[in-house]
>>> print(open('data11.txt').read())   # compact mmCIF, C-alpha atoms and all ligand atoms
# COMPACT_ATOMS: atom_id res chain seq x y z
CA MET A 1032 -8.12 -14.64 -19.53
CA PHE A 1033 -5.81 -16.92 -21.49
CA ALA A 1034 -5.61 -19.40 -18.61
CA ALA A 1035 -9.40 -19.46 -18.22
CA SER A 1036 -9.73 -19.99 -21.99
CA VAL A 1037 -7.31 -22.94 -21.90
CA ALA A 1038 -9.13 -24.35 -18.87
CA ALA A 1039 -12.52 -24.03 -20.58
CA GLU A 1040 -11.31 -25.67 -23.77
CA SER A 1041 -9.76 -28.49 -21.75
CA GLY A 1042 -12.93 -29.13 -19.75
CA VAL A 1043 -11.51 -27.84 -16.45
CA ASN A 1044 -14.13 -26.04 -14.37
CA CYS A 1045 -12.95 -22.63 -13.27
CA VAL A 1046 -14.07 -19.24 -12.07
CA LEU A 1047 -12.23 -16.12 -13.24
CA ILE A 1048 -12.08 -13.42 -10.57
CA GLU A 1049 -11.04 -9.92 -11.68
CA ARG A 1050 -10.32 -6.96 -9.48
CA LYS A 1051 -11.43 -4.32 -11.97
CA ALA A 1052 -14.89 -3.71 -13.42
CA ARG A 1053 -13.76 -5.04 -16.80
CA LEU A 1054 -11.30 -7.61 -18.06
CA GLY A 1055 -7.94 -6.87 -19.64
CA SER A 1056 -7.35 -3.25 -18.61
CA LYS A 1057 -3.60 -3.56 -19.10
CA VAL A 1058 -3.90 -5.46 -22.36
CA LEU A 1059 -5.99 -2.55 -23.67
CA MET A 1060 -3.00 -0.24 -23.07
CA THR A 1061 -0.41 -2.42 -24.79
CA ALA A 1062 1.57 -1.02 -27.70
CA ASN A 1063 -0.32 2.27 -27.45
CA GLY A 1064 -3.65 0.47 -27.63
CA ARG A 1065 -2.63 -1.75 -30.56
CA CYS A 1066 -1.49 -4.86 -28.61
CA ASN A 1067 1.69 -6.44 -29.90
CA PHE A 1068 0.58 -9.82 -28.56
CA THR A 1069 3.54 -11.94 -29.70
CA LYS A 1070 6.41 -12.15 -32.19
CA ASP A 1071 6.32 -14.60 -35.08
CA ILE A 1072 9.65 -16.30 -34.36
CA SER A 1073 10.77 -19.76 -33.28
CA ALA A 1074 10.83 -20.81 -29.64
CA ASP A 1075 14.65 -20.93 -29.78
CA GLN A 1076 14.86 -17.38 -31.10
CA PHE A 1077 12.34 -16.20 -28.50
CA LEU A 1078 14.36 -17.71 -25.66
CA ALA A 1079 17.62 -16.28 -27.02
CA ASP A 1080 16.04 -12.82 -27.33
CA LEU A 1081 15.05 -12.82 -23.65
CA GLY A 1082 18.65 -11.93 -22.91
CA GLU A 1083 18.53 -13.18 -19.34
CA ARG A 1084 19.77 -16.78 -19.31
CA ARG A 1085 18.24 -17.44 -15.89
CA ILE A 1086 14.77 -16.48 -17.11
CA ALA A 1087 15.16 -18.20 -20.49
CA ASP A 1088 16.14 -21.50 -18.85
CA TRP A 1089 13.25 -21.28 -16.42
CA VAL A 1090 10.54 -20.59 -19.03
CA SER A 1091 12.06 -22.81 -21.72
CA GLU A 1092 9.64 -25.73 -21.28
CA ALA A 1093 6.59 -23.45 -21.11
CA ILE A 1094 7.66 -21.58 -24.24
CA ARG A 1095 8.42 -24.77 -26.17
CA GLU A 1096 4.94 -26.08 -25.32
CA CYS A 1097 3.30 -22.76 -26.23
CA PRO A 1098 5.64 -21.17 -28.77
CA PRO A 1099 4.86 -17.79 -30.34
CA ARG A 1100 3.63 -19.47 -33.53
CA SER A 1101 1.02 -21.49 -31.64
CA ILE A 1102 -0.24 -18.23 -30.12
CA VAL A 1103 -0.58 -16.79 -33.63
CA LYS A 1104 -2.44 -19.94 -34.69
CA GLY A 1105 -4.69 -19.69 -31.63
CA PHE A 1106 -5.81 -16.15 -32.49
CA LYS A 1107 -6.33 -17.18 -36.14
CA SER A 1108 -8.56 -20.03 -34.98
CA LEU A 1109 -10.60 -17.46 -33.04
CA ASN A 1110 -11.05 -15.62 -36.36
CA VAL A 1111 -9.04 -12.59 -35.27
CA PRO A 1112 -7.56 -10.97 -38.41
CA LEU A 1113 -3.86 -10.39 -37.77
CA ARG A 1114 -1.11 -8.17 -39.04
CA ARG A 1115 2.54 -9.25 -39.13
CA MET A 1116 5.23 -6.55 -39.15
CA ALA A 1117 8.45 -7.07 -41.12
CA ASP A 1118 10.32 -7.98 -37.92
CA GLY A 1119 7.69 -10.55 -36.92
CA ARG A 1120 5.78 -8.49 -34.33
CA MET A 1121 2.13 -9.52 -34.39
CA PHE A 1122 -0.90 -7.25 -33.91
CA PRO A 1123 -4.63 -7.53 -34.50
CA ALA A 1124 -5.15 -6.29 -38.08
CA ASP A 1125 -7.47 -3.48 -36.99
CA GLY A 1126 -4.77 -2.13 -34.67
CA LYS A 1127 -7.10 -2.38 -31.67
CA ALA A 1128 -6.09 -4.13 -28.45
CA ALA A 1129 -9.83 -4.34 -27.67
CA THR A 1130 -10.10 -6.95 -30.44
CA ILE A 1131 -7.82 -9.26 -28.44
CA VAL A 1132 -9.74 -8.68 -25.20
CA HIS A 1133 -13.06 -9.26 -27.03
CA ALA A 1134 -11.73 -12.50 -28.54
CA PHE A 1135 -11.10 -13.82 -25.02
CA GLY A 1136 -14.41 -12.40 -23.79
CA ASP A 1137 -16.30 -14.17 -26.59
CA LEU A 1138 -14.54 -17.47 -25.98
CA LEU A 1139 -15.19 -17.31 -22.24
CA ARG A 1140 -18.85 -16.41 -22.87
CA ASP A 1141 -19.29 -19.26 -25.35
CA GLU A 1142 -17.64 -21.72 -22.96
CA GLU A 1143 -19.85 -20.41 -20.12
CA VAL A 1144 -16.93 -19.62 -17.84
CA PRO A 1145 -18.17 -17.73 -14.79
CA ILE A 1146 -16.47 -14.32 -14.56
CA VAL A 1147 -16.71 -12.19 -11.43
CA THR A 1148 -15.58 -8.63 -12.11
CA ASN A 1149 -15.21 -5.70 -9.73
CA CYS A 1150 -14.11 -8.25 -7.18
CA PRO A 1151 -10.62 -7.95 -5.67
CA VAL A 1152 -9.48 -11.17 -4.05
CA LYS A 1153 -8.52 -10.26 -0.48
CA ALA A 1154 -6.71 -13.42 0.58
CA ILE A 1155 -5.97 -16.98 -0.41
CA HIS A 1156 -6.17 -19.35 2.56
CA PRO A 1157 -4.47 -22.74 2.52
CA GLY A 1158 -6.80 -25.43 1.52
CA PHE A 1159 -7.96 -23.37 -0.57
CA VAL A 1160 -10.45 -20.70 0.34
CA VAL A 1161 -10.34 -17.67 -1.91
CA GLU A 1162 -11.69 -14.74 0.06
CA THR A 1163 -13.38 -11.67 -1.42
CA LYS A 1164 -15.41 -8.95 0.27
CA ASN A 1165 -18.78 -10.55 -0.53
CA PHE A 1166 -18.12 -14.27 -0.74
CA SER A 1167 -15.52 -16.96 -0.27
CA LEU A 1168 -14.87 -19.73 -2.74
CA ALA A 1169 -13.53 -23.21 -2.05
CA ALA A 1170 -11.13 -24.35 -4.77
CA LYS A 1171 -8.95 -27.41 -5.33
CA ASN A 1172 -6.42 -25.41 -7.31
CA VAL A 1173 -5.73 -21.70 -7.56
CA LEU A 1174 -3.85 -19.89 -10.30
CA VAL A 1175 -2.51 -16.49 -9.30
CA ALA A 1176 -2.18 -14.37 -12.45
CA THR A 1177 -2.48 -10.92 -10.95
CA GLY A 1178 0.32 -9.20 -12.89
CA GLY A 1179 3.18 -6.97 -11.77
CA VAL A 1180 2.99 -3.59 -10.04
CA SER A 1181 3.20 -1.13 -12.91
CA TYR A 1182 0.25 0.99 -14.02
CA PRO A 1183 -1.66 0.10 -10.82
CA LYS A 1184 -4.84 1.71 -12.19
CA THR A 1185 -5.12 -1.32 -14.49
CA GLY A 1186 -5.57 -3.50 -11.39
CA SER A 1187 -2.08 -4.94 -11.08
CA VAL A 1188 -1.15 -3.63 -7.67
CA GLY A 1189 0.99 -6.47 -6.32
CA ASP A 1190 -1.79 -8.46 -4.59
CA GLY A 1191 -0.57 -11.78 -5.98
CA GLN A 1192 2.93 -11.21 -4.63
CA LYS A 1193 1.38 -10.39 -1.25
CA PHE A 1194 -0.69 -13.61 -1.26
CA ALA A 1195 2.43 -15.54 -2.23
CA ARG A 1196 4.44 -13.92 0.57
CA ASP A 1197 1.69 -14.69 3.10
CA LEU A 1198 1.92 -18.34 2.04
CA GLY A 1199 5.70 -18.40 2.59
CA HIS A 1200 7.11 -17.61 -0.87
CA ARG A 1201 10.09 -15.35 -1.38
CA ILE A 1202 9.51 -12.15 -3.34
CA VAL A 1203 12.30 -10.65 -5.43
CA PRO A 1204 12.13 -6.85 -4.91
CA PHE A 1205 10.26 -4.91 -7.62
CA ARG A 1206 12.23 -2.83 -10.09
CA PRO A 1207 11.16 -1.03 -13.27
CA GLY A 1208 11.66 -2.83 -16.59
CA LEU A 1209 11.31 -1.26 -20.03
CA ILE A 1210 10.99 2.33 -18.94
CA GLY A 1211 12.24 5.77 -19.93
CA MET A 1212 15.38 7.30 -18.44
CA GLU A 1213 15.69 10.80 -17.04
CA THR A 1214 17.98 13.48 -18.43
CA ASN A 1215 17.88 17.23 -18.79
CA ASP A 1216 20.29 17.25 -21.70
CA PRO A 1217 19.39 20.43 -23.66
CA LYS A 1218 19.04 18.65 -27.02
CA VAL A 1219 16.58 16.11 -25.54
CA VAL A 1220 14.64 18.86 -23.75
CA ARG A 1221 14.44 20.92 -26.97
CA LEU A 1222 13.04 17.96 -28.92
CA ALA A 1223 10.57 16.84 -26.19
CA GLY A 1224 7.53 15.26 -27.83
CA ARG A 1225 9.39 14.09 -30.97
CA ARG A 1226 9.73 10.40 -31.92
CA PHE A 1227 12.57 8.97 -33.99
CA GLU A 1228 11.73 5.56 -35.36
CA ASP A 1229 15.15 4.67 -36.75
CA GLY A 1230 17.10 5.40 -33.58
CA ARG A 1231 19.70 3.35 -31.77
CA ALA A 1232 20.83 3.06 -28.16
CA LYS A 1233 23.88 1.44 -26.63
CA VAL A 1234 25.00 0.72 -23.08
CA LEU A 1235 28.72 1.30 -22.61
CA SER A 1236 31.00 0.69 -19.66
CA PRO A 1237 32.74 3.82 -18.33
CA ASP A 1238 35.86 2.76 -20.31
CA GLY A 1239 33.87 2.64 -23.56
CA ARG A 1240 33.16 -1.09 -24.04
CA THR A 1241 29.80 -1.86 -25.66
CA LEU A 1242 27.76 -4.02 -23.29
CA PHE A 1243 24.41 -3.97 -25.07
CA GLU A 1244 22.89 -2.40 -28.15
CA HIS A 1245 19.40 -2.08 -29.58
CA ARG A 1246 18.18 -0.47 -32.79
CA GLY A 1247 14.67 0.96 -32.68
CA GLU A 1248 12.62 3.93 -31.66
CA VAL A 1249 14.15 6.70 -29.54
CA ASP A 1250 11.69 9.30 -28.23
CA CYS A 1251 12.44 12.61 -26.56
CA GLU A 1252 10.21 13.34 -23.57
CA SER A 1253 9.90 16.19 -21.10
CA PHE A 1254 11.64 13.96 -18.51
CA GLY A 1255 14.27 12.48 -20.83
CA LEU A 1256 14.37 9.55 -23.23
CA SER A 1257 12.00 6.70 -24.03
CA GLY A 1258 11.18 4.40 -26.97
CA ALA A 1259 11.96 0.73 -27.59
CA ALA A 1260 15.73 1.18 -28.01
CA VAL A 1261 16.01 3.04 -24.69
CA TYR A 1262 13.62 0.65 -22.92
CA ASN A 1263 15.64 -2.42 -23.85
CA CYS A 1264 18.87 -0.72 -22.74
CA GLN A 1265 17.24 0.21 -19.44
CA ARG A 1266 16.15 -3.41 -18.93
CA PHE A 1267 19.71 -4.56 -19.59
CA ILE A 1268 21.11 -2.00 -17.12
CA GLU A 1269 18.59 -3.08 -14.46
CA HIS A 1270 19.29 -6.80 -14.83
CA ALA A 1271 23.05 -6.27 -14.94
CA LYS A 1272 22.67 -4.03 -11.85
CA LEU A 1273 24.95 -1.43 -13.46
CA HIS A 1274 25.55 1.71 -11.44
CA ASP A 1275 28.24 3.26 -13.59
CA PHE A 1276 27.44 3.22 -17.30
CA VAL A 1277 27.10 5.41 -20.36
CA LEU A 1278 23.96 5.41 -22.49
CA GLU A 1279 24.77 6.33 -26.07
CA VAL A 1280 21.77 7.30 -28.20
CA TRP A 1281 21.44 8.17 -31.87
CA PHE A 1282 18.44 10.10 -33.14
CA ASP A 1283 17.75 13.06 -35.42
CA ARG A 1284 21.34 12.64 -36.81
CA SER A 1285 22.79 13.33 -33.35
CA ARG A 1286 24.74 11.10 -31.05
CA LEU A 1287 24.56 11.76 -27.31
CA GLN A 1288 26.53 10.10 -24.56
CA LEU A 1289 24.82 10.34 -21.18
CA ARG A 1290 26.16 8.94 -17.93
CA ASN A 1291 24.29 7.11 -15.15
CA LEU A 1292 20.75 8.09 -16.09
CA ARG A 1293 18.04 7.21 -13.62
CA PRO A 1294 15.00 5.21 -14.72
CA ARG A 1295 11.47 6.50 -14.21
CA PRO A 1296 9.53 4.84 -11.35
CA VAL A 1297 8.25 1.27 -11.54
CA LYS A 1298 4.61 2.37 -11.61
CA GLU A 1299 5.26 3.76 -15.11
CA ALA A 1300 7.14 0.72 -16.38
CA ILE A 1301 5.98 -1.59 -19.15
CA VAL A 1302 6.99 -4.55 -17.04
CA THR A 1303 7.92 -5.29 -13.44
CA ILE A 1304 11.28 -6.91 -12.83
CA GLY A 1305 11.05 -9.02 -9.66
CA GLY A 1306 8.07 -10.82 -8.17
CA VAL A 1307 7.47 -14.36 -6.93
CA SER A 1308 10.88 -16.03 -6.75
CA LEU A 1309 11.48 -18.62 -9.46
CA ASP A 1310 13.19 -20.76 -6.83
CA ASP A 1311 9.82 -21.30 -5.15
CA VAL A 1312 7.91 -22.31 -8.30
CA ASP A 1313 8.43 -25.48 -10.35
CA PRO A 1314 9.13 -24.53 -14.01
CA HIS A 1315 7.78 -27.90 -15.19
CA THR A 1316 4.33 -27.18 -13.73
CA MET A 1317 4.15 -23.52 -12.57
CA GLU A 1318 3.09 -25.01 -9.23
CA SER A 1319 4.39 -23.62 -5.97
CA ARG A 1320 7.12 -25.76 -4.43
CA LEU A 1321 5.70 -24.84 -1.01
CA VAL A 1322 1.93 -25.05 -1.42
CA PRO A 1323 0.64 -27.89 -3.65
CA GLY A 1324 -2.25 -26.79 -5.85
CA LEU A 1325 -1.16 -23.15 -5.94
CA TYR A 1326 0.04 -21.99 -9.36
CA PHE A 1327 1.50 -18.78 -10.75
CA ALA A 1328 1.60 -17.34 -14.27
CA GLY A 1329 2.57 -14.12 -15.98
CA GLU A 1330 4.11 -10.99 -14.59
CA VAL A 1331 3.41 -11.88 -10.93
CA LEU A 1332 6.47 -14.12 -11.36
CA ASP A 1333 10.04 -12.85 -11.42
CA VAL A 1334 9.97 -13.16 -15.20
CA ASP A 1335 10.23 -10.39 -17.78
CA GLY A 1336 11.19 -9.93 -21.41
CA PRO A 1337 12.19 -7.19 -23.86
CA THR A 1338 9.75 -5.10 -25.91
CA GLY A 1339 8.15 -6.69 -28.96
CA GLY A 1340 5.39 -9.01 -27.70
CA TYR A 1341 7.65 -10.99 -25.36
CA ASN A 1342 5.85 -10.17 -22.12
CA LEU A 1343 2.37 -11.18 -23.25
CA THR A 1344 3.86 -14.33 -24.78
CA LEU A 1345 5.47 -15.13 -21.42
CA ALA A 1346 2.12 -14.58 -19.70
CA PHE A 1347 0.30 -16.83 -22.21
CA ALA A 1348 2.88 -19.62 -22.13
CA THR A 1349 3.18 -19.77 -18.34
CA ALA A 1350 -0.64 -19.68 -18.06
CA ARG A 1351 -1.03 -22.61 -20.45
CA LYS A 1352 1.63 -24.55 -18.57
CA ALA A 1353 -0.12 -23.92 -15.25
CA VAL A 1354 -3.51 -25.08 -16.51
CA THR A 1355 -2.22 -28.20 -18.27
CA SER A 1356 -0.31 -29.12 -15.09
CA MET A 1357 -3.44 -28.58 -13.02
CA MET A 1358 -5.30 -31.00 -15.29
CA LYS A 1359 -2.63 -33.65 -14.75
CA ARG A 1360 -2.72 -33.12 -11.01
C1 LIG B 1 1.94 0.65 -21.37
C2 LIG B 1 2.21 -0.82 -21.54
C3 LIG B 1 2.39 -1.32 -22.81
C4 LIG B 1 2.69 -2.69 -22.99
N1 LIG B 1 2.81 -3.19 -24.25
C5 LIG B 1 3.05 -4.52 -24.44
C6 LIG B 1 3.06 -5.08 -25.75
O1 LIG B 1 2.78 -4.43 -26.75
N2 LIG B 1 3.36 -6.41 -25.87
C7 LIG B 1 3.60 -7.21 -24.77
O2 LIG B 1 3.87 -8.40 -24.94
N3 LIG B 1 3.53 -6.70 -23.52
C8 LIG B 1 3.25 -5.39 -23.34
N4 LIG B 1 3.15 -4.89 -22.05
C9 LIG B 1 3.35 -5.81 -20.91
C10 LIG B 1 2.11 -6.71 -20.73
O3 LIG B 1 0.95 -5.93 -20.81
C11 LIG B 1 2.15 -7.43 -19.39
O4 LIG B 1 3.38 -8.04 -19.19
C12 LIG B 1 1.02 -8.47 -19.33
O5 LIG B 1 -0.24 -7.85 -19.43
C13 LIG B 1 1.10 -9.30 -18.06
O6 LIG B 1 0.01 -10.16 -18.04
P1 LIG B 1 -0.55 -10.71 -16.66
O7 LIG B 1 -1.79 -11.48 -17.01
O8 LIG B 1 0.51 -11.39 -15.92
O9 LIG B 1 -0.94 -9.42 -15.82
P2 LIG B 1 -2.01 -8.25 -16.13
O10 LIG B 1 -2.23 -8.08 -17.59
O11 LIG B 1 -1.55 -7.08 -15.34
O12 LIG B 1 -3.37 -8.83 -15.54
C14 LIG B 1 -3.52 -9.09 -14.17
C15 LIG B 1 -5.00 -8.99 -13.84
O13 LIG B 1 -5.19 -9.43 -12.49
C16 LIG B 1 -6.10 -8.56 -11.88
N5 LIG B 1 -5.89 -8.58 -10.43
C17 LIG B 1 -4.84 -8.07 -9.73
N6 LIG B 1 -5.00 -8.25 -8.41
C18 LIG B 1 -6.19 -8.89 -8.26
C19 LIG B 1 -6.93 -9.35 -7.14
N7 LIG B 1 -6.50 -9.19 -5.87
N8 LIG B 1 -8.13 -9.96 -7.34
C20 LIG B 1 -8.60 -10.14 -8.60
N9 LIG B 1 -7.94 -9.71 -9.71
C21 LIG B 1 -6.76 -9.10 -9.54
C22 LIG B 1 -5.80 -7.19 -12.47
O14 LIG B 1 -6.88 -6.31 -12.29
C23 LIG B 1 -5.50 -7.54 -13.91
O15 LIG B 1 -6.63 -7.47 -14.74
C24 LIG B 1 2.82 -3.54 -21.86
C25 LIG B 1 2.62 -3.03 -20.58
C26 LIG B 1 2.31 -1.68 -20.42
C27 LIG B 1 2.09 -1.15 -19.03
>>> encode(input="data11.txt", output="structure tokens", more="lines below")
Ligand SMILES: Cc1cc2nc3c(=O)[nH]c(=O)nc-3n(C[C@H](O)[C@H](O)[C@H](O)COP(=O)(O)OP(=O)(O)OC[C@H]3O[C@@H](n4cnc5c(N)ncnc54)[C@H](O)[C@@H]3O)c2cc1C
Amino acid sequence: MFAASVAAESGVNCVLIERKARLGSKVLMTANGRCNFTKDISADQFLADLGERRIADWVSEAIRECPPRSIVKGFKSLNVPLRRMADGRMFPADGKAATIVHAFGDLLRDEEVPIVTNCPVKAIHPGFVVETKNFSLAAKNVLVATGGVSYPKTGSVGDGQKFARDLGHRIVPFRPGLIGMETNDPKVVRLAGRRFEDGRAKVLSPDGRTLFEHRGEVDCESFGLSGAAVYNCQRFIEHAKLHDFVLEVWFDRSRLQLRNLRPRPVKEAIVTIGGVSLDDVDPHTMESRLVPGLYFAGEVLDVDGPTGGYNLTLAFATARKAVTSMMKR
């Protein structure tokens, strides 16, 4: 949606093809339906917060060209009333993710961008021919922005990674990012359903060294622990490929130390770690290094960020980069 909006505003003809019957199914779910669409911080801070140097270096140019503050400005220019939290997280003022989806919908309608919904792309043939069940479309350039593999009911089922693989790209295996961790610790089980906003979670090595720490919400669930503090620790554990670790959590005036918790499955994750290999995509253009004219943006790439508006910002910035590169091409 963001890419099609940038294309329309830049005078690039495009067709937006969407698998589901409506646009933005995943966006509607974000931040419990409130959509934390970015964080009002500098590009430098954003890149530092990503934690993963490899990802930060790769997206650096895209983020500098489309920093969080320009995203805030963009929504303001679309007359979307916004709310800024003390830590910089940005939401639509009415607390409704639908407001963000409608803003895109209105822009695309006004710019007369053709949108084909309920239309899964089946294949992308070199050249390009974009194949669907009912028609095929010839295109000079194609942007694959089909998302990760979590919450497949929203339409992100891994099709883009499959198209990329079919065209010779390497796919980094999918893993869950920003997800709850399982435990049957009696205290957690007893408090299942309770949320603790001023919690804290730490990842420790088995010999007690602090490897990562995050202050934020800790929630007790029937399966174990969730909430922003736990999610960010889980993302750290996944990226660091830790097998032996201790998760220390503070909530409800208790401190628990839990060893080697397992994450919930990727289909429940906020973000997919893995996807189209960054080695096969040019970070200066988002264009495939193997297939000229084929571009990637968003979660389909092996790019992910922490909680707090980082993942939508990454999707927006990489989408803008792809479209502006297409224009130059
Ligand atoms: C519960 C939850 C809460 C989240 N909260 C936040 C938050 O508050 N802030 C934040 O920054 N991030 C949040 N995220 C992460 C964020 O939503 C994603 O990272 C982001 O939506 C990725 O954008 P995308 O455009 O790459 O993919 P998506 O938003 O997944 O969009 C991909 C689109 O492509 C379509 N598609 C897929 N395959 C095909 C095909 N073959 N043909 C046609 N169309 C296809 C899909 O139907 C989908 O509409 C959350 C995620 C979840 C699951």
>>> closest_residue(input="data11.txt", among="A:Asn1067, A:Ser1041, A:Thr1338, A:Ser1236", to="Val1261 of chain A", atoms="only C-alpha atoms")
A:Thr1338
>>> closest_atom_pairs(input="data11.txt", of="chain A", to="ligand LIG 1 (chain B)", cutoff="7 Å", atoms="all atoms listed in the file", output="Markdown table")
| residue | atom | partner | partner_atom | distance |
| --- | --- | --- | --- | --- |
| A:Ile1048 | CA | B:LIG1 | C20 | 5.2 |
| A:Glu1049 | CA | B:LIG1 | N9 | 3.7 |
| A:Arg1050 | CA | B:LIG1 | N9 | 3.6 |
| A:Lys1051 | CA | B:LIG1 | O14 | 5.0 |
| A:Leu1054 | CA | B:LIG1 | O15 | 5.7 |
| A:Gly1055 | CA | B:LIG1 | O15 | 5.1 |
| A:Ser1056 | CA | B:LIG1 | O15 | 5.8 |
| A:Lys1057 | CA | B:LIG1 | O10 | 5.0 |
| A:Val1058 | CA | B:LIG1 | O3 | 5.1 |
| A:Met1060 | CA | B:LIG1 | C1 | 5.3 |
| A:Thr1061 | CA | B:LIG1 | N1 | 3.4 |
| A:Ala1062 | CA | B:LIG1 | O1 | 3.7 |
| A:Asn1063 | CA | B:LIG1 | C3 | 6.5 |
| A:Cys1066 | CA | B:LIG1 | O1 | 4.7 |
| A:Asn1067 | CA | B:LIG1 | O1 | 3.9 |
| A:Phe1068 | CA | B:LIG1 | O2 | 5.1 |
| A:Thr1069 | CA | B:LIG1 | O2 | 5.9 |
| A:Cys1150 | CA | B:LIG1 | C20 | 6.0 |
| A:Pro1151 | CA | B:LIG1 | N8 | 3.6 |
| A:Val1152 | CA | B:LIG1 | N8 | 3.8 |
| A:Lys1153 | CA | B:LIG1 | N7 | 5.9 |
| A:Ala1176 | CA | B:LIG1 | O8 | 5.3 |
| A:Thr1177 | CA | B:LIG1 | O13 | 3.5 |
| A:Gly1178 | CA | B:LIG1 | O9 | 3.2 |
| A:Gly1179 | CA | B:LIG1 | O11 | 5.9 |
| A:Ser1181 | CA | B:LIG1 | C27 | 6.2 |
| A:Tyr1182 | CA | B:LIG1 | C27 | 5.8 |
| A:Thr1185 | CA | B:LIG1 | O14 | 5.7 |
| A:Gly1186 | CA | B:LIG1 | O14 | 3.2 |
| A:Ser1187 | CA | B:LIG1 | C17 | 4.4 |
| A:Val1188 | CA | B:LIG1 | N6 | 6.1 |
| A:Gly1189 | CA | B:LIG1 | N6 | 6.6 |
| A:Asp1190 | CA | B:LIG1 | N7 | 4.9 |
| A:Gly1191 | CA | B:LIG1 | N6 | 6.2 |
| A:Ala1300 | CA | B:LIG1 | C27 | 6.0 |
| A:Ile1301 | CA | B:LIG1 | C26 | 3.9 |
| A:Val1302 | CA | B:LIG1 | C9 | 5.5 |
| A:Ala1328 | CA | B:LIG1 | O8 | 6.3 |
| A:Gly1329 | CA | B:LIG1 | O8 | 3.4 |
| A:Glu1330 | CA | B:LIG1 | O8 | 3.9 |
| A:Val1331 | CA | B:LIG1 | O8 | 5.8 |
| A:Thr1338 | CA | B:LIG1 | N2 | 6.5 |
| A:Gly1339 | CA | B:LIG1 | N2 | 5.7 |
| A:Gly1340 | CA | B:LIG1 | O2 | 3.2 |
| A:Tyr1341 | CA | B:LIG1 | O2 | 4.6 |
| A:Asn1342 | CA | B:LIG1 | O2 | 3.9 |
| A:Leu1343 | CA | B:LIG1 | O2 | 3.6 |
| A:Thr1344 | CA | B:LIG1 | O2 | 5.9 |
| A:Ala1346 | CA | B:LIG1 | O6 | 5.2 |
>>> atom_distance(input="data11.txt", atom1="atom CA of Glu1213 of chain A", atom2="atom CA of Lys1184 of chain A")
23.0 Å
>>> residues_around(input="data11.txt", residues="Asn1291 of chain A", least_positions_apart="6", cutoff="9 Å", atoms="all atoms listed in the file", output="PyMOL selection string")
chain A and resi 1273-1278
>>> write_last_selection(input="data11.txt", atoms="C-alpha atoms", output="compact mmCIF listing (two decimals), in the coordinates of the input")
# COMPACT_ATOMS: atom_id res chain seq x y z
CA LEU A 1273 24.95 -1.43 -13.46
CA HIS A 1274 25.55 1.71 -11.44
CA ASP A 1275 28.24 3.26 -13.59
CA PHE A 1276 27.44 3.22 -17.30
CA VAL A 1277 27.10 5.41 -20.36
CA LEU A 1278 23.96 5.41 -22.49
>>> closest_residue(input="data11.txt", among="A:Glu1279, A:Glu1228, A:Asp1216, A:Asp1311", to="Gly1258 of chain A", atoms="only C-alpha atoms")
A:Glu1228
>>> atom_distance(input="data11.txt", atom1="atom CA of Val1147 of chain A", atom2="atom CA of Gly1324 of chain A")
21.3 Å
>>> atom_distance(input="data11.txt", atom1="atom CA of Ile1102 of chain A", atom2="atom CA of Phe1077 of chain A")
12.8 Å
>>> axis_aligned_box(input="data11.txt", around="segment 1279-1284 of chain A", padding_each_side="4 Å", output="JSON")
{"center_x": 21.3, "center_y": 9.7, "center_z": -31.4, "size_x": 15.0, "size_y": 14.7, "size_z": 18.7}
>>> closest_residue(input="data11.txt", among="A:Phe1282, A:Phe1254, A:Phe1327, A:Phe1205", to="Glu1269 of chain A", atoms="all atoms listed in the file")
A:Phe1205
>>> closest_residue(input="data11.txt", among="A:Arg1360, A:Arg1295, A:Glu1143, A:Asp1118", to="Gly1247 of chain A", atoms="all atoms listed in the file")
A:Asp1118
>>> residues_around(input="data11.txt", residues="Glu1248 of chain A", least_positions_apart="2", cutoff="6 Å", atoms="only C-alpha atoms", output="number ranges by chain")
A: 1227-1230, 1258-1260
>>> closest_residue(input="data11.txt", among="A:Leu1139, A:Val1103, A:Ile1072, A:Leu1235", to="Ala1039 of chain A", atoms="only C-alpha atoms")
A:Leu1139
>>> closest_residue(input="data11.txt", among="A:Ser1285, A:Pro1337, A:Ala1052, A:Gly1306", to="Ile1146 of chain A", atoms="only C-alpha atoms")
A:Ala1052
>>> residues_around(input="data11.txt", residues="Thr1130 of chain A", least_positions_apart="2", cutoff="12 Å", atoms="only C-alpha atoms", output="VMD selection string")
chain A and resid 1055 1058 to 1059 1064 to 1068 1106 1109 to 1113 1122 to 1128 1132 to 1137
>>> residues_around(input="data11.txt", residues="Val1322 of chain A", least_positions_apart="5", cutoff="9 Å", atoms="all atoms listed in the file", output="PyMOL selection string")
chain A and resi 1157+1198-1199
>>> residues_around(input="data11.txt", residues="Tyr1262 of chain A", least_positions_apart="4", cutoff="7 Å", atoms="all atoms listed in the file", output="PyMOL selection string")
chain A and resi 1209-1211+1257-1258+1266
>>> write_last_selection(input="data11.txt", atoms="C-alpha atoms", output="short mmCIF file (atom, residue, chain, number, x, y, z; two decimals), in the frame of the given file")
data_model
loop_
_atom_site.label_atom_id
_atom_site.label_comp_id
_atom_site.auth_asym_id
_atom_site.auth_seq_id
_atom_site.Cartn_x
_atom_site.Cartn_y
_atom_site.Cartn_z
CA LEU A 1209 11.31 -1.26 -20.03
CA ILE A 1210 10.99 2.33 -18.94
CA GLY A 1211 12.24 5.77 -19.93
CA SER A 1257 12.00 6.70 -24.03
CA GLY A 1258 11.18 4.40 -26.97
CA ARG A 1266 16.15 -3.41 -18.93
#
>>> residues_near_point(input="data11.txt", point="(-0.5, -23.1, -5.4)", cutoff="10 Å", atoms="all atoms listed in the file", output="ChimeraX atom specification")
/A:1155,1157-1159,1171-1175,1195,1198,1312,1317-1327,1353,1357
